[in-house]
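Enquirer: Provided herewith: upload.txt, compact mmCIF, C-alpha atoms.
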```txt
# COMPACT_ATOMS: atom_id res chain seq x y z
CA MET U 1 -24.48 7.77 -37.09
CA SER U 2 -26.58 10.87 -37.55
CA HIS U 3 -28.42 12.67 -34.76
CA ASP U 4 -30.26 15.23 -36.86
CA ASP U 5 -33.41 14.68 -34.83
CA GLY U 6 -31.80 16.59 -31.98
CA GLU U 7 -31.81 13.64 -29.61
CA ASP U 8 -28.84 13.44 -27.30
CA PRO U 9 -27.00 10.16 -28.00
CA ALA U 10 -25.78 9.86 -24.40
CA PRO U 11 -29.07 8.61 -22.87
CA ARG U 12 -29.12 5.76 -25.38
CA SER U 13 -25.60 4.68 -24.40
CA GLY U 14 -26.97 2.62 -21.55
CA ALA U 15 -28.52 2.89 -18.09
CA LEU U 16 -25.33 4.06 -16.38
CA THR U 17 -25.55 7.28 -14.40
CA TYR U 18 -22.98 9.52 -12.77
CA ALA U 19 -24.09 8.46 -9.28
CA MET U 20 -23.91 4.77 -10.18
CA MET U 21 -20.45 4.99 -11.73
CA THR U 22 -18.91 7.11 -8.98
CA ALA U 23 -20.18 4.63 -6.38
CA GLU U 24 -18.67 1.77 -8.38
CA ALA U 25 -15.39 3.68 -8.79
CA ARG U 26 -15.09 4.19 -5.04
CA ARG U 27 -15.88 0.52 -4.39
CA GLN U 28 -13.17 -0.59 -6.82
CA ALA U 29 -10.69 1.85 -5.29
CA ALA U 30 -10.89 -0.18 -2.07
CA LEU U 31 -9.79 -3.40 -3.81
CA PRO U 32 -6.20 -4.56 -3.09
CA ARG U 33 -4.25 -3.52 -6.16
CA PRO U 34 -0.62 -2.41 -6.65
CA THR U 35 -0.15 1.33 -6.77
CA ALA U 36 1.65 2.97 -9.64
CA ARG U 37 5.14 4.32 -9.20
CA ARG U 38 4.90 7.67 -7.49
CA ARG U 39 7.43 9.32 -9.76
CA ARG U 40 5.52 11.63 -12.06
CA GLU U 41 6.22 11.66 -15.76
CA ALA U 42 7.78 14.72 -17.33
CA ASP U 43 5.25 17.38 -18.31
CA VAL U 44 4.95 17.16 -22.09
CA ARG U 45 4.01 20.85 -22.18
CA LYS U 46 7.49 21.73 -20.90
CA VAL U 47 9.77 19.12 -22.55
CA ARG U 48 10.10 17.36 -25.89
CA TRP U 49 7.77 14.41 -26.31
CA TRP U 50 10.55 11.82 -26.29
CA ARG U 51 11.40 12.75 -22.70
CA VAL U 52 8.01 11.41 -21.54
CA ARG U 53 8.40 7.76 -20.55
CA THR U 54 5.04 6.49 -21.81
CA LEU U 55 5.40 8.23 -25.19
CA ARG U 56 8.90 6.80 -25.61
CA SER U 57 7.50 3.34 -24.98
CA ILE U 58 4.61 3.82 -27.42
CA SER U 59 6.84 5.11 -30.20
CA GLY U 60 9.46 2.35 -30.04
CA LEU U 61 12.21 4.82 -29.11
CA SER U 62 12.84 3.07 -25.79
CA THR U 63 13.38 -0.23 -27.62
CA LEU U 64 15.71 1.40 -30.14
CA VAL U 65 17.86 3.16 -27.56
CA THR U 66 18.05 0.12 -25.23
CA ALA U 67 19.09 -2.15 -28.10
CA LEU U 68 21.78 0.27 -29.29
CA VAL U 69 23.19 0.67 -25.78
CA PHE U 70 23.30 -3.10 -25.34
CA ALA U 71 25.03 -3.57 -28.72
CA CYS U 72 27.63 -0.95 -27.81
CA LEU U 73 28.20 -2.68 -24.46
CA VAL U 74 28.76 -6.05 -26.16
CA LEU U 75 31.21 -4.50 -28.63
CA ALA U 76 33.07 -2.78 -25.80
CA ILE U 77 33.41 -6.11 -23.97
CA CYS U 78 34.71 -7.74 -27.15
CA LEU U 79 37.34 -5.03 -27.55
CA ALA U 80 38.38 -5.34 -23.91
CA VAL U 81 38.54 -9.15 -23.79
CA GLY U 82 39.92 -9.74 -27.27
CA SER U 83 39.11 -11.91 -30.27
CA SER U 84 38.30 -14.91 -28.06
CA MET U 85 35.05 -13.23 -27.12
CA VAL U 86 33.83 -12.71 -30.69
CA PRO U 87 32.25 -16.18 -31.27
CA ASP U 88 30.14 -15.80 -28.10
CA ALA U 89 29.11 -12.25 -28.99
CA TRP U 90 27.38 -12.97 -32.29
CA TYR U 91 24.06 -14.02 -30.81
CA PRO U 92 23.55 -11.02 -28.47
CA LEU U 93 24.72 -8.70 -31.24
CA VAL U 94 22.21 -10.14 -33.73
CA VAL U 95 19.41 -9.89 -31.16
CA SER U 96 20.25 -6.30 -30.25
CA VAL U 97 20.50 -5.26 -33.91
CA GLY U 98 17.14 -6.90 -34.61
CA LEU U 99 15.55 -5.08 -31.67
CA ALA U 100 17.10 -1.81 -32.83
CA LEU U 101 15.64 -2.28 -36.31
CA TYR U 102 12.26 -3.11 -34.81
CA GLY U 103 12.39 0.01 -32.64
CA ALA U 104 13.36 2.14 -35.63
CA TYR U 105 10.51 0.65 -37.66
CA ARG U 106 8.01 1.56 -34.92
CA LEU U 107 9.47 5.04 -34.53
CA ARG U 108 9.07 5.78 -38.25
CA GLY U 109 5.67 4.07 -38.50
CA VAL U 110 2.26 4.31 -36.88
CA PRO U 111 3.44 3.98 -33.24
CA GLY U 112 5.81 6.93 -33.62
CA ALA U 113 3.12 8.99 -35.31
CA THR U 114 0.70 8.08 -32.51
CA ALA U 115 3.13 9.25 -29.83
CA ARG U 116 3.67 12.57 -31.63
CA THR U 117 -0.09 13.03 -32.10
CA LEU U 118 -0.70 12.39 -28.39
CA ALA U 119 1.98 14.91 -27.46
CA SER U 120 0.49 17.52 -29.77
CA ALA U 121 -3.02 16.92 -28.45
CA ALA U 122 -1.89 17.12 -24.83
CA CYS U 123 -0.46 20.59 -25.49
CA ALA U 124 -3.47 21.89 -27.41
CA PRO U 125 -5.26 25.01 -26.13
CA GLY U 126 -8.91 25.19 -25.13
CA PRO U 127 -9.32 22.44 -22.51
CA VAL U 128 -12.82 20.99 -22.12
CA PRO U 129 -13.87 20.35 -18.49
CA LYS U 130 -15.44 16.98 -17.67
CA ARG U 131 -16.38 14.90 -14.67
CA TYR U 132 -15.03 11.37 -14.51
CA ALA U 133 -15.32 8.05 -12.76
CA LEU U 134 -12.27 5.76 -12.79
CA VAL U 135 -13.19 2.08 -13.11
CA TYR U 136 -11.47 -1.09 -14.27
CA ASP U 137 -12.77 -3.62 -16.77
CA PRO U 138 -13.05 -6.15 -15.21
CA PRO U 139 -12.82 -4.71 -11.67
CA TRP U 140 -10.12 -7.20 -10.61
CA GLY U 141 -7.15 -7.18 -12.98
CA GLY U 142 -8.73 -5.18 -15.80
CA ILE U 143 -7.83 -2.15 -17.86
CA ALA U 144 -8.30 1.38 -16.54
CA LEU U 145 -11.28 3.29 -17.95
CA LEU U 146 -12.26 6.90 -17.47
CA VAL U 147 -16.04 7.19 -17.82
CA LEU U 148 -16.63 10.82 -18.77
CA PHE U 149 -19.66 12.93 -17.92
CA PRO U 150 -20.60 16.53 -18.71
CA ALA U 151 -19.10 19.04 -16.31
CA VAL U 152 -22.59 20.36 -15.52
CA GLY U 153 -25.40 18.04 -14.50
CA GLY U 154 -26.88 16.07 -11.65
CA ASP U 155 -26.33 12.55 -10.41
CA ASP U 156 -28.65 11.11 -13.06
CA VAL U 157 -26.65 12.35 -16.07
CA ARG U 158 -25.49 9.60 -18.45
CA PRO U 159 -21.92 9.13 -19.76
CA ASP U 160 -20.97 10.79 -23.04
CA ALA U 161 -17.62 9.02 -23.52
CA VAL U 162 -15.32 6.32 -22.18
CA VAL U 163 -11.52 6.52 -22.49
CA GLU U 164 -9.35 3.42 -22.15
CA LEU U 165 -5.97 4.40 -20.71
CA MET U 166 -2.46 3.17 -21.27
CA PRO U 167 -1.31 1.09 -18.26
CA LEU U 168 1.02 2.76 -15.79
CA PRO U 169 4.25 1.07 -14.64
CA GLN U 170 4.04 -0.86 -11.41
CA PRO U 171 6.48 -0.58 -8.50
CA TRP U 172 9.23 -3.15 -8.34
CA LEU U 173 7.91 -4.60 -5.09
CA ARG U 174 4.51 -6.21 -5.60
CA PHE U 175 2.36 -8.34 -3.38
CA PRO U 176 2.09 -12.05 -4.37
CA GLY U 177 -0.09 -12.69 -7.40
CA ALA U 178 -0.09 -9.06 -8.52
CA SER U 179 2.05 -9.48 -11.64
CA LYS U 180 -0.97 -9.59 -13.93
CA LEU U 181 -2.83 -6.71 -12.31
CA PRO U 182 -2.73 -3.15 -13.66
CA ALA U 183 -1.42 -0.48 -11.36
CA ASP U 184 -3.93 1.84 -9.76
CA LEU U 185 -3.91 5.34 -11.14
CA PRO U 186 -2.69 7.77 -8.46
CA VAL U 187 -5.87 9.87 -8.68
CA GLU U 188 -9.19 10.05 -6.88
CA PRO U 189 -11.75 7.47 -8.09
CA ALA U 190 -14.06 10.30 -9.15
CA GLY U 191 -13.54 13.98 -9.78
CA ASN U 192 -12.91 16.58 -12.48
CA LEU U 193 -10.51 16.61 -15.41
CA GLU U 194 -9.64 18.54 -18.55
CA LEU U 195 -9.62 17.14 -22.08
CA ARG U 196 -7.16 18.68 -24.51
CA GLY U 197 -6.70 18.22 -28.24
CA ALA U 198 -9.95 16.56 -29.25
CA ARG U 199 -9.51 18.07 -32.72
CA ASP U 200 -5.84 17.12 -33.14
CA GLY U 201 -6.43 13.68 -34.63
CA LEU U 202 -7.95 12.20 -31.45
CA PRO U 203 -11.73 11.78 -31.07
CA MET U 204 -11.75 12.52 -27.33
CA GLY U 205 -8.37 14.14 -26.64
CA VAL U 206 -5.91 13.62 -23.78
CA PRO U 207 -7.26 13.79 -20.19
CA TRP U 208 -5.37 15.85 -17.62
CA ILE U 209 -5.97 15.21 -13.91
CA ASP U 210 -4.18 17.25 -11.23
CA GLY U 211 -1.63 18.52 -13.74
CA GLN U 212 -0.73 15.06 -15.08
CA ALA U 213 -1.57 13.70 -18.54
CA TYR U 214 -3.07 10.21 -18.74
CA TRP U 215 -2.53 8.76 -22.19
CA PRO U 216 -5.53 7.26 -24.00
CA LYS U 217 -5.18 3.91 -25.71
CA ARG U 218 -8.69 3.98 -27.14
CA SER U 219 -11.68 6.30 -26.97
CA TYR U 220 -15.39 5.55 -27.18
CA GLY U 221 -17.29 8.67 -28.24
CA PRO U 222 -21.08 9.11 -28.34
CA ASP U 223 -21.43 7.28 -31.65
CA ASP U 224 -19.16 4.45 -30.45
CA LEU U 225 -21.18 3.96 -27.28
CA VAL U 226 -24.36 3.25 -29.24
CA GLY U 227 -22.54 0.73 -31.46
CA GLY U 228 -22.15 -2.96 -30.79
CA GLU U 229 -18.77 -2.85 -29.06
CA GLY U 230 -19.68 0.23 -27.06
CA GLN U 231 -22.92 -1.35 -25.92
CA ALA U 232 -21.02 -4.46 -24.81
CA LEU U 233 -18.66 -2.27 -22.76
CA ILE U 234 -21.58 -0.38 -21.20
CA ALA U 235 -23.27 -3.69 -20.39
CA ARG U 236 -20.15 -4.95 -18.57
CA LEU U 237 -19.84 -1.75 -16.56
CA LEU U 238 -23.55 -1.82 -15.78
CA ALA U 239 -23.33 -5.44 -14.64
CA ASP U 240 -20.48 -4.60 -12.24
CA ALA U 241 -22.27 -1.55 -10.85
CA THR U 242 -25.65 -3.24 -10.40
CA ALA U 243 -24.07 -6.35 -8.90
CA ASP U 244 -22.41 -4.15 -6.27
CA ALA U 245 -25.70 -2.37 -5.56
CA ASP U 246 -27.49 -5.71 -5.15
CA SER U 247 -24.84 -6.96 -2.72
CA VAL U 248 -25.23 -3.80 -0.63
CA ASP U 249 -29.03 -4.13 -0.57
CA SER U 250 -28.82 -7.74 0.53
```
Would you mind writing the structure in this file as structure tokens?

Expert:
Amino acid sequence: MSHDDGEDPAPRSGALTYAMMTAEARRQAALPRPTARRRREADVRKVRWWRVRTLRSISGLSTLVTALVFACLVLAICLAVGSSMVPDAWYPLVVSVGLALYGAYRLRGVPGATARTLASAACAPGPVPKRYALVYDPPWGGIALLVLFPAVGGDDVRPDAVVELMPLPQPWLRFPGASKLPADLPVEPAGNLELRGARDGLPMGVPWIDGQAYWPKRSYGPDDLVGGEGQALIARLLADATADADSVDS
């Protein structure tokens, strides 16, 4: 969509404001939700991309390695026990080989390319500062969204992008009924971040908060927010925020 008339597309992306979204983010932060594992991922700026847990999972490398290790374990058991074990080993061997082939297919295909692109973008120079509000869609059991705002502006500024994030792993111990809930991001519900690599094949780049990369699954830029799907997302976020405001007023 063209904006040759000089009009900023952000105001037309909906009635959301920075003040409204930060208030909603803080309200959602008080909801009972499992926290993410406190162990930080490896810094992709300091290690190879395949040493970052989330990127391994995206690329299919984790599936490939796990399947190969399992196949080797089954073969080792067969060698230790003897030929009597071979008939019972065919099924796990076939499954592990199939999973290894699937992992290799992902690694050589689009998922592997996506992981490498994310790693490259996360290491790109020239970070762009932004303000953010962290919300979930829907608030209870939904996906994590970073609603991005210009670094400079008042409480009435409108969002210029929304980034849907990859889910973080949950701790092993969860409260009852939490298995379907996403883990809370271990960051403040609102604050400042840096975007890196917006020109490295990603429309919005990779957000960094407190020295940790948070991997985007999908990005809604200014043009996306004025489209049908973007407007539907803005409407859902607006409904959550205004419903909270109405409950407070009442």

Enquirer: Restricting the calculation to all atoms listed in the file, which member of U:Asp210, U:Asp160, U:Asp43, U:Glu188 is positioned closest to Asp223 in chain U?

Expert: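 The closest residue to Asp223 in chain U is U:Asp160.
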
Enquirer: When distances are computed from only C-alpha atoms, which of U:Trp208, U:Tyr220, U:Tyr214, U:Tyr136 shows the smallest separation from Leu31 in chain U?

Expert: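 With only C-alpha atoms as the atom set, the closest residue is U:Tyr136.
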
Enquirer: Around the point (0.7, 8.6, -30.1), in the coordinates given by the file, pick out the residues reaching within 9 Å, counting only C-alpha atoms, and return them as a PDB file with C-alpha atoms, in the coordinates of the input.

Expert:
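For reference, out_7.pdb as written:
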```pdb
ATOM      1  CA  LEU U  55       5.400   8.230 -25.190  1.00  0.00           C
ATOM      2  CA  ILE U  58       4.610   3.820 -27.420  1.00  0.00           C
ATOM      3  CA  SER U  59       6.840   5.110 -30.200  1.00  0.00           C
ATOM      4  CA  VAL U 110       2.260   4.310 -36.880  1.00  0.00           C
ATOM      5  CA  PRO U 111       3.440   3.980 -33.240  1.00  0.00           C
ATOM      6  CA  GLY U 112       5.810   6.930 -33.620  1.00  0.00           C
ATOM      7  CA  ALA U 113       3.120   8.990 -35.310  1.00  0.00           C
ATOM      8  CA  THR U 114       0.700   8.080 -32.510  1.00  0.00           C
ATOM      9  CA  ALA U 115       3.130   9.250 -29.830  1.00  0.00           C
ATOM     10  CA  ARG U 116       3.670  12.570 -31.630  1.00  0.00           C
ATOM     11  CA  THR U 117      -0.090  13.030 -32.100  1.00  0.00           C
ATOM     12  CA  LEU U 118      -0.700  12.390 -28.390  1.00  0.00           C
ATOM     13  CA  ALA U 119       1.980  14.910 -27.460  1.00  0.00           C
ATOM     14  CA  SER U 120       0.490  17.520 -29.770  1.00  0.00           C
ATOM     15  CA  TRP U 215      -2.530   8.760 -22.190  1.00  0.00           C
ATOM     16  CA  PRO U 216      -5.530   7.260 -24.000  1.00  0.00           C
ATOM     17  CA  LYS U 217      -5.180   3.910 -25.710  1.00  0.00           C
TER      18      LYS U 217
END
```

Enquirer: Select, counting only C-alpha atoms, all protein, DNA and RNA residues no farther than 12 Å from (-4.0, 5.3, -20.8) in file coordinates, and express the selection as an MDAnalysis selection string.

Expert: chainID U and resid 54:55 58 118 134 136 143:146 162:169 182:185 205:208 212:219

Enquirer: Do you have the CA of Leu193 in chain U-CA of Ala30 in chain U distance handy?

Expert: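 Between CA of Leu193 in chain U and CA of Ala30 in chain U the gap works out to 21.4 Å.
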
Enquirer: To one decimal in Å, tell me the separation between CA of Arg108 in chain U and CA of Arg53 in chain U.

Expert: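 CA of Arg53 in chain U lies 17.8 Å from CA of Arg108 in chain U.
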
Enquirer: Name the closest residue to Leu148 in chain U among the candidates U:Met85, U:Gly230, U:Pro222, U:Gly126; distances are taken between atoms, counting only C-alpha atoms.

Expert: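 For Leu148 in chain U, the nearest of the candidates is U:Pro222.
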
Enquirer: Pick the closest to Arg131 in chain U from U:Asp156, U:Glu229, U:Glu194, U:Glu41: which is it, counting only C-alpha atoms?

Expert: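 The closest residue to Arg131 in chain U is U:Glu194.
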
Enquirer: Any chance you could work out the axis-aligned box around range 85-102 of chain U, listed atoms only, 8 Å on each side, giving centre and edge lengths in Å to one decimal, as lines of an AutoDock Vina configuration file?

Expert:
```
center_x = 23.7
center_y = -9.0
center_z = -31.7
size_x = 38.8
size_y = 30.4
size_z = 25.2
```

Enquirer: Looking at all atoms listed in the file, which of U:Ala19, U:Ile209, U:Val97, U:Cys78 is the one that sits closest to Lys130 in chain U?

Expert: U:Ile209

Enquirer: When you draw a straight line from CA of Leu73 in chain U to CA of Tyr102 in chain U, how long is it in Å?

Expert: 19.0 Å

Enquirer: Let me make sure I understand: among U:Gly154, U:Pro32, U:Gly60, U:Gly221, which one has the smallest atom-to-atom distance to Leu107 in chain U if we use all atoms listed in the file?

Expert: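 The closest residue to Leu107 in chain U is U:Gly60.
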
Enquirer: Using all atoms listed in the file, which residues sit within 12 Å of range 87-90 of chain U once same-chain residues fewer than 4 positions away are excluded, as number ranges by chain?

Expert: U: 70-79, 81-83, 94-97

Enquirer: Reconstruct N, CA and C atoms of range 19-34 of chain U; output as an mmCIF file, in the coordinates of the input.

Expert:
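New file selection.cif:
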```cif
data_model
loop_
_atom_site.group_PDB
_atom_site.id
_atom_site.type_symbol
_atom_site.label_atom_id
_atom_site.label_comp_id
_atom_site.auth_asym_id
_atom_site.auth_seq_id
_atom_site.Cartn_x
_atom_site.Cartn_y
_atom_site.Cartn_z
ATOM 1 N N ALA U 19 -24.063 8.959 -10.650
ATOM 2 C CA ALA U 19 -24.090 8.460 -9.280
ATOM 3 C C ALA U 19 -23.696 6.994 -9.212
ATOM 4 N N MET U 20 -24.198 6.204 -10.161
ATOM 5 C CA MET U 20 -23.910 4.770 -10.180
ATOM 6 C C MET U 20 -22.422 4.513 -10.419
ATOM 7 N N MET U 21 -21.844 5.241 -11.382
ATOM 8 C CA MET U 21 -20.450 4.990 -11.730
ATOM 9 C C MET U 21 -19.481 5.513 -10.666
ATOM 10 N N THR U 22 -19.800 6.624 -10.035
ATOM 11 C CA THR U 22 -18.910 7.110 -8.980
ATOM 12 C C THR U 22 -18.935 6.170 -7.774
ATOM 13 N N ALA U 23 -20.099 5.608 -7.478
ATOM 14 C CA ALA U 23 -20.180 4.630 -6.380
ATOM 15 C C ALA U 23 -19.360 3.393 -6.717
ATOM 16 N N GLU U 24 -19.442 2.933 -7.962
ATOM 17 C CA GLU U 24 -18.670 1.770 -8.380
ATOM 18 C C GLU U 24 -17.167 2.081 -8.373
ATOM 19 N N ALA U 25 -16.797 3.295 -8.790
ATOM 20 C CA ALA U 25 -15.390 3.680 -8.790
ATOM 21 C C ALA U 25 -14.815 3.673 -7.377
ATOM 22 N N ARG U 26 -15.571 4.171 -6.417
ATOM 23 C CA ARG U 26 -15.090 4.190 -5.040
ATOM 24 C C ARG U 26 -15.022 2.779 -4.453
ATOM 25 N N ARG U 27 -15.946 1.912 -4.851
ATOM 26 C CA ARG U 27 -15.880 0.520 -4.390
ATOM 27 C C ARG U 27 -14.631 -0.153 -4.933
ATOM 28 N N GLN U 28 -14.347 0.038 -6.222
ATOM 29 C CA GLN U 28 -13.170 -0.590 -6.820
ATOM 30 C C GLN U 28 -11.878 -0.022 -6.250
ATOM 31 N N ALA U 29 -11.898 1.244 -5.848
ATOM 32 C CA ALA U 29 -10.690 1.850 -5.290
ATOM 33 C C ALA U 29 -10.264 1.178 -3.995
ATOM 34 N N ALA U 30 -11.204 0.506 -3.329
ATOM 35 C CA ALA U 30 -10.890 -0.180 -2.070
ATOM 36 C C ALA U 30 -10.326 -1.573 -2.288
ATOM 37 N N LEU U 31 -10.327 -2.071 -3.536
ATOM 38 C CA LEU U 31 -9.790 -3.400 -3.810
ATOM 39 C C LEU U 31 -8.268 -3.384 -3.666
ATOM 40 N N PRO U 32 -7.669 -4.498 -3.193
ATOM 41 C CA PRO U 32 -6.200 -4.560 -3.090
ATOM 42 C C PRO U 32 -5.572 -4.635 -4.481
ATOM 43 N N ARG U 33 -4.857 -3.610 -4.839
ATOM 44 C CA ARG U 33 -4.250 -3.520 -6.160
ATOM 45 C C ARG U 33 -2.937 -2.760 -6.017
ATOM 46 N N PRO U 34 -1.895 -3.142 -6.767
ATOM 47 C CA PRO U 34 -0.620 -2.410 -6.650
ATOM 48 C C PRO U 34 -0.786 -0.964 -7.088
#
```
